[in-house]
file target17.txt (compact mmCIF, C-alpha atoms)
# COMPACT_ATOMS: atom_id res chain seq x y z
CA MET A 1 -27.42 7.98 20.49
CA GLY A 2 -29.35 4.81 21.18
CA SER A 3 -28.11 1.28 20.81
CA ILE A 4 -27.46 -0.35 17.48
CA GLU A 5 -29.38 -3.46 16.55
CA GLY A 6 -29.44 -5.82 13.57
CA GLU A 7 -27.31 -5.97 10.46
CA ARG A 8 -26.54 -3.32 7.88
CA THR A 9 -25.04 -3.63 4.45
CA THR A 10 -22.14 -1.53 3.28
CA VAL A 11 -19.99 -1.32 0.20
CA GLY A 12 -16.23 -1.62 0.07
CA TRP A 13 -13.50 -2.65 -2.34
CA ALA A 14 -12.41 -6.28 -1.96
CA ALA A 15 -9.76 -8.62 -3.36
CA ARG A 16 -11.36 -11.82 -4.65
CA ASP A 17 -8.20 -13.92 -5.17
CA PRO A 18 -4.37 -13.74 -4.87
CA SER A 19 -4.11 -11.49 -7.93
CA GLY A 20 -4.92 -8.86 -5.30
CA THR A 21 -7.12 -6.82 -7.64
CA LEU A 22 -9.76 -4.89 -5.70
CA SER A 23 -13.28 -4.17 -6.96
CA PRO A 24 -16.60 -3.06 -5.45
CA TYR A 25 -18.14 -5.52 -3.00
CA THR A 26 -21.37 -5.20 -1.03
CA PHE A 27 -21.39 -7.04 2.29
CA ASN A 28 -23.13 -7.19 5.65
CA LEU A 29 -21.53 -5.56 8.65
CA ARG A 30 -21.52 -7.90 11.62
CA ASN A 31 -24.27 -7.67 14.21
CA THR A 32 -23.50 -4.71 16.41
CA GLY A 33 -24.00 -4.46 20.10
CA PRO A 34 -24.04 -2.12 23.08
CA ASP A 35 -20.23 -1.73 23.15
CA ASP A 36 -19.88 -0.84 19.49
CA VAL A 37 -19.18 2.31 17.53
CA TYR A 38 -20.63 2.68 14.03
CA ILE A 39 -18.21 4.71 11.91
CA LYS A 40 -18.51 6.41 8.52
CA VAL A 41 -15.04 6.03 6.99
CA HIS A 42 -13.52 9.27 5.70
CA TYR A 43 -9.93 8.23 4.99
CA CYS A 44 -7.92 5.01 5.10
CA GLY A 45 -4.15 4.66 4.61
CA ILE A 46 -2.55 1.93 2.49
CA CYS A 47 0.02 -0.15 4.37
CA HIS A 48 2.58 -2.58 2.93
CA SER A 49 0.99 -5.38 4.96
CA ASP A 50 -2.26 -4.85 3.00
CA LEU A 51 -0.25 -5.91 -0.04
CA HIS A 52 0.88 -9.13 1.71
CA GLN A 53 -2.73 -9.86 2.66
CA ILE A 54 -4.44 -9.29 -0.69
CA LYS A 55 -1.78 -11.30 -2.55
CA ASN A 56 -1.77 -14.17 -0.01
CA ASP A 57 2.01 -13.77 0.51
CA LEU A 58 1.73 -15.36 3.95
CA GLY A 59 -0.54 -18.19 2.76
CA MET A 60 -3.40 -17.31 5.13
CA SER A 61 -5.67 -15.08 3.06
CA ASN A 62 -9.42 -15.64 2.81
CA TYR A 63 -11.47 -13.99 0.11
CA PRO A 64 -13.38 -11.80 -0.58
CA MET A 65 -11.19 -9.49 1.52
CA VAL A 66 -11.65 -5.78 2.16
CA PRO A 67 -8.26 -4.57 3.44
CA GLY A 68 -7.33 -1.24 5.05
CA HIS A 69 -6.44 -0.64 8.70
CA GLU A 70 -5.48 3.03 9.02
CA VAL A 71 -9.03 4.29 9.37
CA VAL A 72 -10.19 7.77 10.24
CA GLY A 73 -13.90 8.53 10.21
CA GLU A 74 -16.88 10.03 11.94
CA VAL A 75 -19.01 8.39 14.59
CA ILE A 76 -22.55 7.91 13.25
CA GLU A 77 -24.01 6.09 16.23
CA VAL A 78 -22.87 4.38 19.44
CA GLY A 79 -24.13 1.45 21.49
CA SER A 80 -25.83 1.94 24.87
CA ASN A 81 -22.68 1.10 26.91
CA VAL A 82 -20.40 3.48 25.00
CA THR A 83 -19.35 6.48 27.07
CA LYS A 84 -16.06 7.55 25.46
CA PHE A 85 -17.45 8.49 22.05
CA LYS A 86 -20.47 10.27 20.67
CA ALA A 87 -22.02 10.87 17.26
CA GLY A 88 -20.21 13.46 15.16
CA GLU A 89 -16.75 12.91 16.70
CA VAL A 90 -13.71 12.12 14.56
CA VAL A 91 -12.17 8.78 15.54
CA GLY A 92 -9.59 6.29 14.36
CA ALA A 93 -9.43 2.51 14.17
CA GLY A 94 -6.40 0.33 13.44
CA LEU A 95 -5.30 -3.22 12.77
CA ILE A 96 -6.76 -4.88 15.88
CA VAL A 97 -10.52 -4.92 16.54
CA GLY A 98 -10.78 -7.47 19.35
CA SER A 99 -8.83 -9.33 22.05
CA CYS A 100 -9.59 -11.63 24.97
CA ARG A 101 -9.34 -8.80 27.59
CA ASN A 102 -8.17 -11.33 30.22
CA CYS A 103 -4.61 -12.42 29.40
CA ARG A 104 -1.41 -10.84 30.67
CA ALA A 105 -0.99 -8.77 27.48
CA CYS A 106 -4.54 -7.41 27.63
CA LYS A 107 -4.31 -6.64 31.34
CA SER A 108 -1.00 -4.82 30.74
CA ASP A 109 -2.55 -2.62 28.03
CA ILE A 110 -0.53 -4.26 25.26
CA GLU A 111 -3.50 -5.99 23.67
CA GLN A 112 -1.71 -6.16 20.30
CA TYR A 113 0.22 -9.14 21.76
CA CYS A 114 -2.91 -11.03 22.86
CA ALA A 115 -2.84 -14.56 21.42
CA LYS A 116 -6.56 -14.25 20.67
CA LYS A 117 -6.44 -10.83 19.02
CA ILE A 118 -8.84 -10.27 16.15
CA TRP A 119 -7.47 -8.61 13.02
CA ASN A 120 -9.62 -5.99 11.34
CA CYS A 121 -9.75 -7.99 8.11
CA ASN A 122 -9.11 -11.58 7.04
CA ASP A 123 -10.19 -12.84 10.46
CA VAL A 124 -13.34 -14.07 12.17
CA TYR A 125 -15.14 -11.95 14.75
CA THR A 126 -16.67 -13.33 17.96
CA ASP A 127 -20.01 -13.74 16.16
CA GLY A 128 -18.44 -16.08 13.59
CA LYS A 129 -18.58 -13.57 10.75
CA PRO A 130 -15.52 -12.49 8.71
CA THR A 131 -13.95 -9.15 9.60
CA GLN A 132 -13.55 -6.58 6.82
CA GLY A 133 -11.36 -3.50 6.80
CA GLY A 134 -11.47 0.20 6.10
CA PHE A 135 -11.65 0.48 2.33
CA ALA A 136 -15.41 0.60 2.85
CA GLU A 137 -18.14 3.14 3.40
CA THR A 138 -18.74 2.18 7.04
CA MET A 139 -17.36 -0.03 9.83
CA VAL A 140 -18.50 -1.27 13.23
CA VAL A 141 -15.74 -1.41 15.86
CA ASN A 142 -15.79 -2.26 19.57
CA GLN A 143 -15.24 0.91 21.64
CA ASN A 144 -12.04 -0.52 23.21
CA PHE A 145 -10.36 -0.44 19.80
CA VAL A 146 -11.36 3.07 18.75
CA VAL A 147 -9.29 6.20 19.46
CA LYS A 148 -10.39 9.80 19.58
CA ILE A 149 -8.54 12.02 17.12
CA PRO A 150 -7.41 15.23 18.86
CA GLU A 151 -9.12 18.37 17.61
CA GLY A 152 -7.29 20.33 14.97
CA MET A 153 -5.57 17.33 13.36
CA SER A 154 -6.53 16.84 9.72
CA PRO A 155 -8.00 13.36 9.20
CA GLU A 156 -6.05 12.43 6.06
CA GLN A 157 -2.81 13.32 7.86
CA VAL A 158 -3.75 11.18 10.85
CA ALA A 159 -4.56 7.99 8.92
CA PRO A 160 -0.93 6.74 8.55
CA LEU A 161 -0.29 7.36 12.24
CA LEU A 162 -2.71 4.58 13.20
CA CYS A 163 -0.31 1.91 11.91
CA ALA A 164 2.97 3.36 10.59
CA GLY A 165 3.21 6.07 13.25
CA VAL A 166 2.49 3.94 16.29
CA THR A 167 4.65 1.11 14.88
CA VAL A 168 7.67 3.39 15.35
CA TYR A 169 6.51 5.14 18.52
CA SER A 170 5.77 1.94 20.45
CA PRO A 171 9.29 0.38 20.47
CA LEU A 172 11.00 3.73 21.09
CA SER A 173 8.73 4.17 24.09
CA HIS A 174 8.94 0.58 25.34
CA PHE A 175 12.73 0.20 25.04
CA GLY A 176 13.44 3.51 26.79
CA LEU A 177 14.61 5.20 23.61
CA LYS A 178 12.64 8.44 23.98
CA GLU A 179 15.31 10.55 25.67
CA SER A 180 16.91 13.26 23.56
CA GLY A 181 20.51 12.95 22.36
CA LEU A 182 20.30 9.31 21.24
CA ARG A 183 21.64 8.28 17.83
CA GLY A 184 19.19 6.29 15.73
CA GLY A 185 19.23 4.65 12.33
CA ILE A 186 16.18 4.29 10.08
CA LEU A 187 16.66 1.46 7.59
CA GLY A 188 14.35 1.91 4.58
CA LEU A 189 12.56 5.17 3.83
CA GLY A 190 9.01 4.06 3.05
CA GLY A 191 5.78 4.67 4.95
CA VAL A 192 7.08 3.48 8.33
CA GLY A 193 10.61 4.82 7.70
CA HIS A 194 9.48 8.36 7.03
CA MET A 195 7.45 8.25 10.25
CA GLY A 196 10.57 6.99 12.02
CA VAL A 197 12.60 10.00 10.91
CA LYS A 198 9.85 12.45 11.93
CA ILE A 199 9.22 10.90 15.35
CA ALA A 200 12.88 10.30 16.25
CA LYS A 201 13.83 13.86 15.26
CA ALA A 202 10.92 15.23 17.33
CA MET A 203 12.30 13.25 20.30
CA GLY A 204 15.63 15.02 19.85
CA HIS A 205 17.60 12.16 18.31
CA ASN A 206 20.42 12.35 15.79
CA VAL A 207 18.96 10.37 12.87
CA THR A 208 20.77 8.53 10.08
CA VAL A 209 18.74 7.19 7.15
CA ILE A 210 20.18 3.99 5.66
CA SER A 211 18.93 3.26 2.16
CA SER A 212 19.80 1.08 -0.83
CA SER A 213 20.50 4.00 -3.18
CA GLU A 214 21.18 7.76 -3.27
CA LYS A 215 17.68 8.31 -4.69
CA LYS A 216 16.06 9.61 -1.51
CA LYS A 217 19.05 11.48 -0.08
CA GLN A 218 17.90 15.04 -0.75
CA GLU A 219 14.39 14.23 0.44
CA ALA A 220 15.66 12.65 3.68
CA LEU A 221 18.07 15.43 4.58
CA GLU A 222 16.25 18.52 3.33
CA HIS A 223 12.57 17.68 3.71
CA LEU A 224 12.40 15.12 6.51
CA GLY A 225 15.26 16.62 8.51
CA ALA A 226 17.53 13.57 8.88
CA ASP A 227 21.09 14.33 10.04
CA ASP A 228 22.90 11.84 7.83
CA TYR A 229 22.21 9.55 4.87
CA VAL A 230 24.14 6.37 4.16
CA VAL A 231 23.89 4.03 1.16
CA SER A 232 24.00 0.49 2.54
CA SER A 233 26.08 -0.90 -0.35
CA ASP A 234 28.82 1.73 0.12
CA GLU A 235 31.34 0.10 2.47
CA THR A 236 33.22 3.33 3.15
CA GLN A 237 30.05 5.16 4.24
CA MET A 238 28.94 2.18 6.35
CA GLN A 239 32.38 1.91 7.97
CA LYS A 240 32.20 5.57 8.98
CA ILE A 241 29.13 4.97 11.14
CA ALA A 242 30.21 1.60 12.61
CA ASP A 243 29.57 1.26 16.38
CA SER A 244 27.73 4.59 16.49
CA LEU A 245 24.00 3.94 16.77
CA ASP A 246 21.87 3.28 19.86
CA TYR A 247 19.16 1.64 17.76
CA ILE A 248 18.09 0.89 14.21
CA ILE A 249 14.45 0.78 13.14
CA ASP A 250 14.55 -1.82 10.36
CA THR A 251 11.49 -1.30 8.15
CA VAL A 252 12.60 -3.40 5.16
CA PRO A 253 9.72 -5.77 4.28
CA VAL A 254 11.81 -8.29 2.26
CA GLY A 255 14.64 -10.66 3.18
CA HIS A 256 17.98 -8.88 3.74
CA PRO A 257 21.28 -9.54 5.57
CA LEU A 258 21.38 -8.34 9.20
CA GLU A 259 25.14 -8.33 9.81
CA PRO A 260 25.94 -5.06 8.00
CA TYR A 261 23.43 -3.28 10.26
CA LEU A 262 24.40 -5.06 13.49
CA SER A 263 27.92 -3.68 12.95
CA LEU A 264 26.54 -0.12 13.08
CA LEU A 265 25.20 -0.56 16.64
CA LYS A 266 27.02 0.49 19.80
CA VAL A 267 27.36 -1.89 22.74
CA ASP A 268 23.81 -2.67 23.94
CA GLY A 269 22.39 -1.33 20.69
CA LYS A 270 19.08 -2.65 19.38
CA LEU A 271 18.08 -3.74 15.90
CA ILE A 272 14.27 -3.48 15.90
CA LEU A 273 12.57 -5.43 13.12
CA MET A 274 9.35 -3.97 11.70
CA GLY A 275 9.03 -5.43 8.21
CA VAL A 276 6.81 -8.49 7.70
CA ILE A 277 9.23 -11.00 6.14
CA ASN A 278 8.26 -14.60 5.44
CA THR A 279 11.77 -15.95 4.79
CA PRO A 280 14.39 -16.71 7.50
CA LEU A 281 16.95 -14.00 8.32
CA GLN A 282 20.58 -14.88 9.11
CA PHE A 283 23.46 -13.64 11.25
CA VAL A 284 26.44 -15.18 13.07
CA SER A 285 26.16 -15.13 16.85
CA PRO A 286 29.43 -13.23 17.61
CA MET A 287 27.86 -10.24 15.84
CA VAL A 288 25.45 -9.91 18.77
CA MET A 289 27.58 -11.47 21.52
CA LEU A 290 30.57 -9.16 21.12
CA GLY A 291 28.50 -6.04 21.73
CA ARG A 292 25.66 -7.44 23.81
CA LYS A 293 23.44 -6.34 20.94
CA THR A 294 19.76 -7.16 20.67
CA ILE A 295 17.74 -8.21 17.66
CA THR A 296 14.12 -7.69 18.54
CA GLY A 297 10.79 -7.03 16.92
CA SER A 298 7.80 -4.89 17.69
CA PHE A 299 4.25 -5.03 16.41
CA ILE A 300 2.14 -1.91 15.87
CA GLY A 301 1.18 -0.43 19.25
CA SER A 302 -1.57 -0.51 21.84
CA ILE A 303 -4.59 1.78 21.93
CA LYS A 304 -2.96 3.52 24.89
CA GLU A 305 0.26 4.08 22.92
CA THR A 306 -1.75 5.24 19.90
CA GLU A 307 -3.45 7.90 22.04
CA GLU A 308 -0.07 8.94 23.48
CA MET A 309 1.50 9.11 20.03
CA LEU A 310 -1.36 11.23 18.64
CA GLY A 311 -0.88 13.65 21.52
CA PHE A 312 2.90 13.74 20.88
CA TRP A 313 2.37 14.30 17.14
CA LYS A 314 -0.03 17.18 17.77
CA GLU A 315 2.14 18.78 20.47
CA LYS A 316 5.19 18.72 18.16
CA GLY A 317 3.18 20.01 15.19
CA LEU A 318 4.31 17.18 12.91
CA SER A 319 2.86 16.26 9.52
CA SER A 320 2.88 13.11 7.39
CA VAL A 321 4.04 13.10 3.77
CA ILE A 322 1.12 11.52 1.95
CA GLU A 323 -0.47 11.16 -1.47
CA VAL A 324 -4.26 11.25 -1.31
CA VAL A 325 -6.04 9.12 -3.94
CA LYS A 326 -9.61 8.09 -4.71
CA MET A 327 -10.79 4.47 -4.45
CA ASP A 328 -10.82 3.96 -8.23
CA TYR A 329 -7.03 4.45 -8.15
CA ILE A 330 -6.43 1.85 -5.45
CA ASN A 331 -5.16 -0.96 -7.70
CA LYS A 332 -2.68 1.41 -9.32
CA ALA A 333 -1.66 2.59 -5.83
CA PHE A 334 -0.92 -1.01 -4.78
CA GLU A 335 1.14 -1.51 -7.97
CA ARG A 336 3.14 1.61 -7.19
CA LEU A 337 3.56 0.63 -3.52
CA GLU A 338 5.04 -2.69 -4.64
CA LYS A 339 7.69 -0.71 -6.55
CA ASN A 340 8.23 1.74 -3.64
CA ASP A 341 6.88 4.50 -5.85
CA VAL A 342 5.14 6.59 -3.19
CA ARG A 343 6.10 9.53 -0.99
CA TYR A 344 5.53 8.11 1.58
CA ARG A 345 2.07 6.81 2.25
CA PHE A 346 -1.02 6.53 0.09
CA VAL A 347 -4.22 7.61 1.82
CA VAL A 348 -7.55 6.80 0.18
CA ASP A 349 -10.24 9.49 0.34
CA VAL A 350 -12.98 6.94 0.99
CA ALA A 351 -15.80 9.39 1.72
CA GLY A 352 -14.98 11.37 -1.44
CA SER A 353 -14.97 8.27 -3.68
CA LYS A 354 -17.73 6.57 -5.62
CA LEU A 355 -17.44 3.11 -4.10
CA ASP A 356 -20.00 1.14 -6.04
CA ASP A 357 -20.27 1.13 -9.83
CA HIS A 358 -23.99 0.51 -9.42
CA GLN A 359 -24.76 3.39 -7.09
call {"tool": "encode", "arguments": {"input": "target17.txt", "output": "structure tokens"}}
result
Amino acid sequence: MGSIEGERTTVGWAARDPSGTLSPYTFNLRNTGPDDVYIKVHYCGICHSDLHQIKNDLGMSNYPMVPGHEVVGEVIEVGSNVTKFKAGEVVGAGLIVGSCRNCRACKSDIEQYCAKKIWNCNDVYTDGKPTQGGFAETMVVNQNFVVKIPEGMSPEQVAPLLCAGVTVYSPLSHFGLKESGLRGGILGLGGVGHMGVKIAKAMGHNVTVISSSEKKKQEALEHLGADDYVVSSDETQMQKIADSLDYIIDTVPVGHPLEPYLSLLKVDGKLILMGVINTPLQFVSPMVMLGRKTITGSFIGSIKETEEMLGFWKEKGLSSVIEVVKMDYINKAFERLEKNDVRYRFVVDVAGSKLDDHQ
């Protein structure tokens, strides 16, 4: 095992500017220490927020940037203080790679809400070096932000769980929405939405998919197992399910009206926002007052919740619907993701890809 000292170089695919086009990029991994895990990346999922980052949609991107935060790989080596992991094990790493460990959020095991959290790319680590993500050969991650992947789970299937999966599981768990018999709505059937249907059904909920067109109806009902499918622009269909839902997981990552969906909630129902939207959303206050409804948000999940969710996923025998691609397809994959042309999550086979044109 031994401790890890000094710097290593690795190769990944990075965006160089807001065009968002990725190409091979050789860079140094940050200095690693006794609490670190050195990981060979096998698979990494593509998330819609990667698209925001590489294209500087939120105005905070620094380049070159290696995105990717749904990482599954193999432990190559661990630092001298690491007891939870050993070489050869399959592990996962997500969007957060550091936090202060002292604030209320950290002490309550919800480190994703730490004000000093460190993002796995487009951020600066404690050593002053930029963080880079999982579309790379290797990564170094602090042991507190690594999860063990349960035996028997296939790594490419697990990748989307490390962001999309836990993003749905966390609010259902936190807001007491895990009991069976609840009625839930999933707004938007993309990467997070398809996870929402799978997880909510496995919890024993009656699940309605709400989408902008009929396009995904057969898929939602027959393959994902949703109970109902409603087209949001069809007033008759929407009227039929008014005041019927305990919660709605709203995964839409662009500006949209909230009132049509608030009207679907029962008294005390919750509209849970998950999409990263950089324009203001609107509603009139009686829409929430006259049903004591809640508009809330939730952000990924903690390491503890990720471990719980992986256990739940394995116990229920669930599977993700993914399209596995090689790294040389990644720019095309981002183009398709922008047009919602993916069922339902791209996962890059990093280990099986030729990462550097010069290798």
call {"tool": "residues_around", "arguments": {"input": "target17.txt", "residues": "range 272-276 of chain A", "least_positions_apart": "4", "cutoff": "7 Å", "atoms": "all atoms listed in the file", "output": "JSON, numbers by chain"}}
result
{"A": [248, 249, 250, 251, 252, 253, 295, 296, 297, 298]}
call {"tool": "closest_residue", "arguments": {"input": "target17.txt", "among": "A:Ile199, A:Val11, A:Leu245, A:Leu258", "to": "Glu315 in chain A", "atoms": "only C-alpha atoms"}}
result
A:Ile199
call {"tool": "residues_around", "arguments": {"input": "target17.txt", "residues": "Asp228 in chain A", "least_positions_apart": "6", "cutoff": "7 Å", "atoms": "all atoms listed in the file", "output": "list in words"}}
result
Val207, Thr208, Val209 and Leu221 of chain A
call {"tool": "residues_near_point", "arguments": {"input": "target17.txt", "point": "(-6.1, 1.0, 14.2)", "cutoff": "10 Å", "atoms": "only C-alpha atoms", "output": "list in words"}}
result
Gly68, His69, Glu70, Val71, Val72, Val91, Gly92, Ala93, Gly94, Leu95, Ile96, Val97, Trp119, Asn120, Gly134, Phe145, Val146, Val147, Ala159, Pro160, Leu161, Leu162, Cys163, Val166, Ile300, Gly301, Ser302, Ile303 and Thr306 of chain A
call {"tool": "write_last_selection", "arguments": {"input": "target17.txt", "atoms": "C-alpha atoms", "output": "PDB file, in the frame of the given file"}}
result
ATOM      1  CA  GLY A  68      -7.330  -1.240   5.050  1.00  0.00           C
ATOM      2  CA  HIS A  69      -6.440  -0.640   8.700  1.00  0.00           C
ATOM      3  CA  GLU A  70      -5.480   3.030   9.020  1.00  0.00           C
ATOM      4  CA  VAL A  71      -9.030   4.290   9.370  1.00  0.00           C
ATOM      5  CA  VAL A  72     -10.190   7.770  10.240  1.00  0.00           C
ATOM      6  CA  VAL A  91     -12.170   8.780  15.540  1.00  0.00           C
ATOM      7  CA  GLY A  92      -9.590   6.290  14.360  1.00  0.00           C
ATOM      8  CA  ALA A  93      -9.430   2.510  14.170  1.00  0.00           C
ATOM      9  CA  GLY A  94      -6.400   0.330  13.440  1.00  0.00           C
ATOM     10  CA  LEU A  95      -5.300  -3.220  12.770  1.00  0.00           C
ATOM     11  CA  ILE A  96      -6.760  -4.880  15.880  1.00  0.00           C
ATOM     12  CA  VAL A  97     -10.520  -4.920  16.540  1.00  0.00           C
ATOM     13  CA  TRP A 119      -7.470  -8.610  13.020  1.00  0.00           C
ATOM     14  CA  ASN A 120      -9.620  -5.990  11.340  1.00  0.00           C
ATOM     15  CA  GLY A 134     -11.470   0.200   6.100  1.00  0.00           C
ATOM     16  CA  PHE A 145     -10.360  -0.440  19.800  1.00  0.00           C
ATOM     17  CA  VAL A 146     -11.360   3.070  18.750  1.00  0.00           C
ATOM     18  CA  VAL A 147      -9.290   6.200  19.460  1.00  0.00           C
ATOM     19  CA  ALA A 159      -4.560   7.990   8.920  1.00  0.00           C
ATOM     20  CA  PRO A 160      -0.930   6.740   8.550  1.00  0.00           C
ATOM     21  CA  LEU A 161      -0.290   7.360  12.240  1.00  0.00           C
ATOM     22  CA  LEU A 162      -2.710   4.580  13.200  1.00  0.00           C
ATOM     23  CA  CYS A 163      -0.310   1.910  11.910  1.00  0.00           C
ATOM     24  CA  VAL A 166       2.490   3.940  16.290  1.00  0.00           C
ATOM     25  CA  ILE A 300       2.140  -1.910  15.870  1.00  0.00           C
ATOM     26  CA  GLY A 301       1.180  -0.430  19.250  1.00  0.00           C
ATOM     27  CA  SER A 302      -1.570  -0.510  21.840  1.00  0.00           C
ATOM     28  CA  ILE A 303      -4.590   1.780  21.930  1.00  0.00           C
ATOM     29  CA  THR A 306      -1.750   5.240  19.900  1.00  0.00           C
TER      30      THR A 306
END
call {"tool": "closest_residue", "arguments": {"input": "target17.txt", "among": "A:Leu187, A:Cys47, A:Gly269, A:Met65", "to": "Val342 in chain A", "atoms": "all atoms listed in the file"}}
result
A:Cys47
call {"tool": "closest_residue", "arguments": {"input": "target17.txt", "among": "A:Lys217, A:Lys316, A:Ala136, A:Ser353", "to": "Met203 in chain A", "atoms": "only C-alpha atoms"}}
result
A:Lys316
call {"tool": "residues_around", "arguments": {"input": "target17.txt", "residues": "Gly352 in chain A", "least_positions_apart": "6", "cutoff": "9 Å", "atoms": "only C-alpha atoms", "output": "PyMOL selection string"}}
result
chain A and resi 42-43+326-327
call {"tool": "atom_distance", "arguments": {"input": "target17.txt", "atom1": "CA of Ala200 in chain A", "atom2": "CA of Glu151 in chain A"}}
result
23.5 Å
call {"tool": "residues_around", "arguments": {"input": "target17.txt", "residues": "Gly317 in chain A", "least_positions_apart": "4", "cutoff": "12 Å", "atoms": "all atoms listed in the file", "output": "PDB file with C-alpha atoms, in the coordinates of the input"}}
result
ATOM      1  CA  GLY A 152      -7.290  20.330  14.970  1.00  0.00           C
ATOM      2  CA  MET A 153      -5.570  17.330  13.360  1.00  0.00           C
ATOM      3  CA  SER A 154      -6.530  16.840   9.720  1.00  0.00           C
ATOM      4  CA  GLN A 157      -2.810  13.320   7.860  1.00  0.00           C
ATOM      5  CA  LYS A 198       9.850  12.450  11.930  1.00  0.00           C
ATOM      6  CA  ILE A 199       9.220  10.900  15.350  1.00  0.00           C
ATOM      7  CA  ALA A 202      10.920  15.230  17.330  1.00  0.00           C
ATOM      8  CA  LEU A 310      -1.360  11.230  18.640  1.00  0.00           C
ATOM      9  CA  GLY A 311      -0.880  13.650  21.520  1.00  0.00           C
ATOM     10  CA  PHE A 312       2.900  13.740  20.880  1.00  0.00           C
ATOM     11  CA  TRP A 313       2.370  14.300  17.140  1.00  0.00           C
TER      12      TRP A 313
END
call {"tool": "residues_near_point", "arguments": {"input": "target17.txt", "point": "(0.3, -3.9, 23.7)", "cutoff": "12 Å", "atoms": "all atoms listed in the file", "output": "PDB file with C-alpha atoms, in the frame of the given file"}}
result
ATOM      1  CA  ILE A  96      -6.760  -4.880  15.880  1.00  0.00           C
ATOM      2  CA  SER A  99      -8.830  -9.330  22.050  1.00  0.00           C
ATOM      3  CA  ARG A 101      -9.340  -8.800  27.590  1.00  0.00           C
ATOM      4  CA  CYS A 103      -4.610 -12.420  29.400  1.00  0.00           C
ATOM      5  CA  ARG A 104      -1.410 -10.840  30.670  1.00  0.00           C
ATOM      6  CA  ALA A 105      -0.990  -8.770  27.480  1.00  0.00           C
ATOM      7  CA  CYS A 106      -4.540  -7.410  27.630  1.00  0.00           C
ATOM      8  CA  LYS A 107      -4.310  -6.640  31.340  1.00  0.00           C
ATOM      9  CA  SER A 108      -1.000  -4.820  30.740  1.00  0.00           C
ATOM     10  CA  ASP A 109      -2.550  -2.620  28.030  1.00  0.00           C
ATOM     11  CA  ILE A 110      -0.530  -4.260  25.260  1.00  0.00           C
ATOM     12  CA  GLU A 111      -3.500  -5.990  23.670  1.00  0.00           C
ATOM     13  CA  GLN A 112      -1.710  -6.160  20.300  1.00  0.00           C
ATOM     14  CA  TYR A 113       0.220  -9.140  21.760  1.00  0.00           C
ATOM     15  CA  CYS A 114      -2.910 -11.030  22.860  1.00  0.00           C
ATOM     16  CA  ALA A 115      -2.840 -14.560  21.420  1.00  0.00           C
ATOM     17  CA  LYS A 117      -6.440 -10.830  19.020  1.00  0.00           C
ATOM     18  CA  PHE A 145     -10.360  -0.440  19.800  1.00  0.00           C
ATOM     19  CA  VAL A 166       2.490   3.940  16.290  1.00  0.00           C
ATOM     20  CA  THR A 167       4.650   1.110  14.880  1.00  0.00           C
ATOM     21  CA  SER A 170       5.770   1.940  20.450  1.00  0.00           C
ATOM     22  CA  PRO A 171       9.290   0.380  20.470  1.00  0.00           C
ATOM     23  CA  SER A 173       8.730   4.170  24.090  1.00  0.00           C
ATOM     24  CA  HIS A 174       8.940   0.580  25.340  1.00  0.00           C
ATOM     25  CA  SER A 298       7.800  -4.890  17.690  1.00  0.00           C
ATOM     26  CA  PHE A 299       4.250  -5.030  16.410  1.00  0.00           C
ATOM     27  CA  ILE A 300       2.140  -1.910  15.870  1.00  0.00           C
ATOM     28  CA  GLY A 301       1.180  -0.430  19.250  1.00  0.00           C
ATOM     29  CA  SER A 302      -1.570  -0.510  21.840  1.00  0.00           C
ATOM     30  CA  ILE A 303      -4.590   1.780  21.930  1.00  0.00           C
ATOM     31  CA  LYS A 304      -2.960   3.520  24.890  1.00  0.00           C
ATOM     32  CA  GLU A 305       0.260   4.080  22.920  1.00  0.00           C
ATOM     33  CA  THR A 306      -1.750   5.240  19.900  1.00  0.00           C
TER      34      THR A 306
END
call {"tool": "closest_residue", "arguments": {"input": "target17.txt", "among": "A:Asp227, A:Asp349, A:Glu179, A:Glu214", "to": "Val41 in chain A", "atoms": "all atoms listed in the file"}}
result
A:Asp349
call {"tool": "closest_residue", "arguments": {"input": "target17.txt", "among": "A:Asn278, A:Ser19, A:Thr9, A:Thr126", "to": "Phe334 in chain A", "atoms": "only C-alpha atoms"}}
result
A:Ser19
call {"tool": "closest_residue", "arguments": {"input": "target17.txt", "among": "A:Gln143, A:Thr26, A:Ser212, A:Thr10", "to": "Asp234 in chain A", "atoms": "all atoms listed in the file"}}
result
A:Ser212
call {"tool": "atom_distance", "arguments": {"input": "target17.txt", "atom1": "CA of Lys86 in chain A", "atom2": "CA of Pro155 in chain A"}}
result
17.2 Å
call {"tool": "atom_distance", "arguments": {"input": "target17.txt", "atom1": "CA of Gly188 in chain A", "atom2": "CA of Ser232 in chain A"}}
result
10.0 Å
call {"tool": "residues_around", "arguments": {"input": "target17.txt", "residues": "Asn331 in chain A", "least_positions_apart": "6", "cutoff": "12 Å", "atoms": "only C-alpha atoms", "output": "VMD selection string"}}
result
chain A and resid 13 to 15 19 to 24 46 50 to 51 54 325 337 to 338 346 348
call {"tool": "axis_aligned_box", "arguments": {"input": "target17.txt", "around": "range 243-252 of chain A", "padding_each_side": "6 Å", "output": "lines of an AutoDock Vina configuration file"}}
result
center_x = 20.5
center_y = 0.6
center_z = 12.5
size_x = 30.1
size_y = 20.0
size_z = 26.7
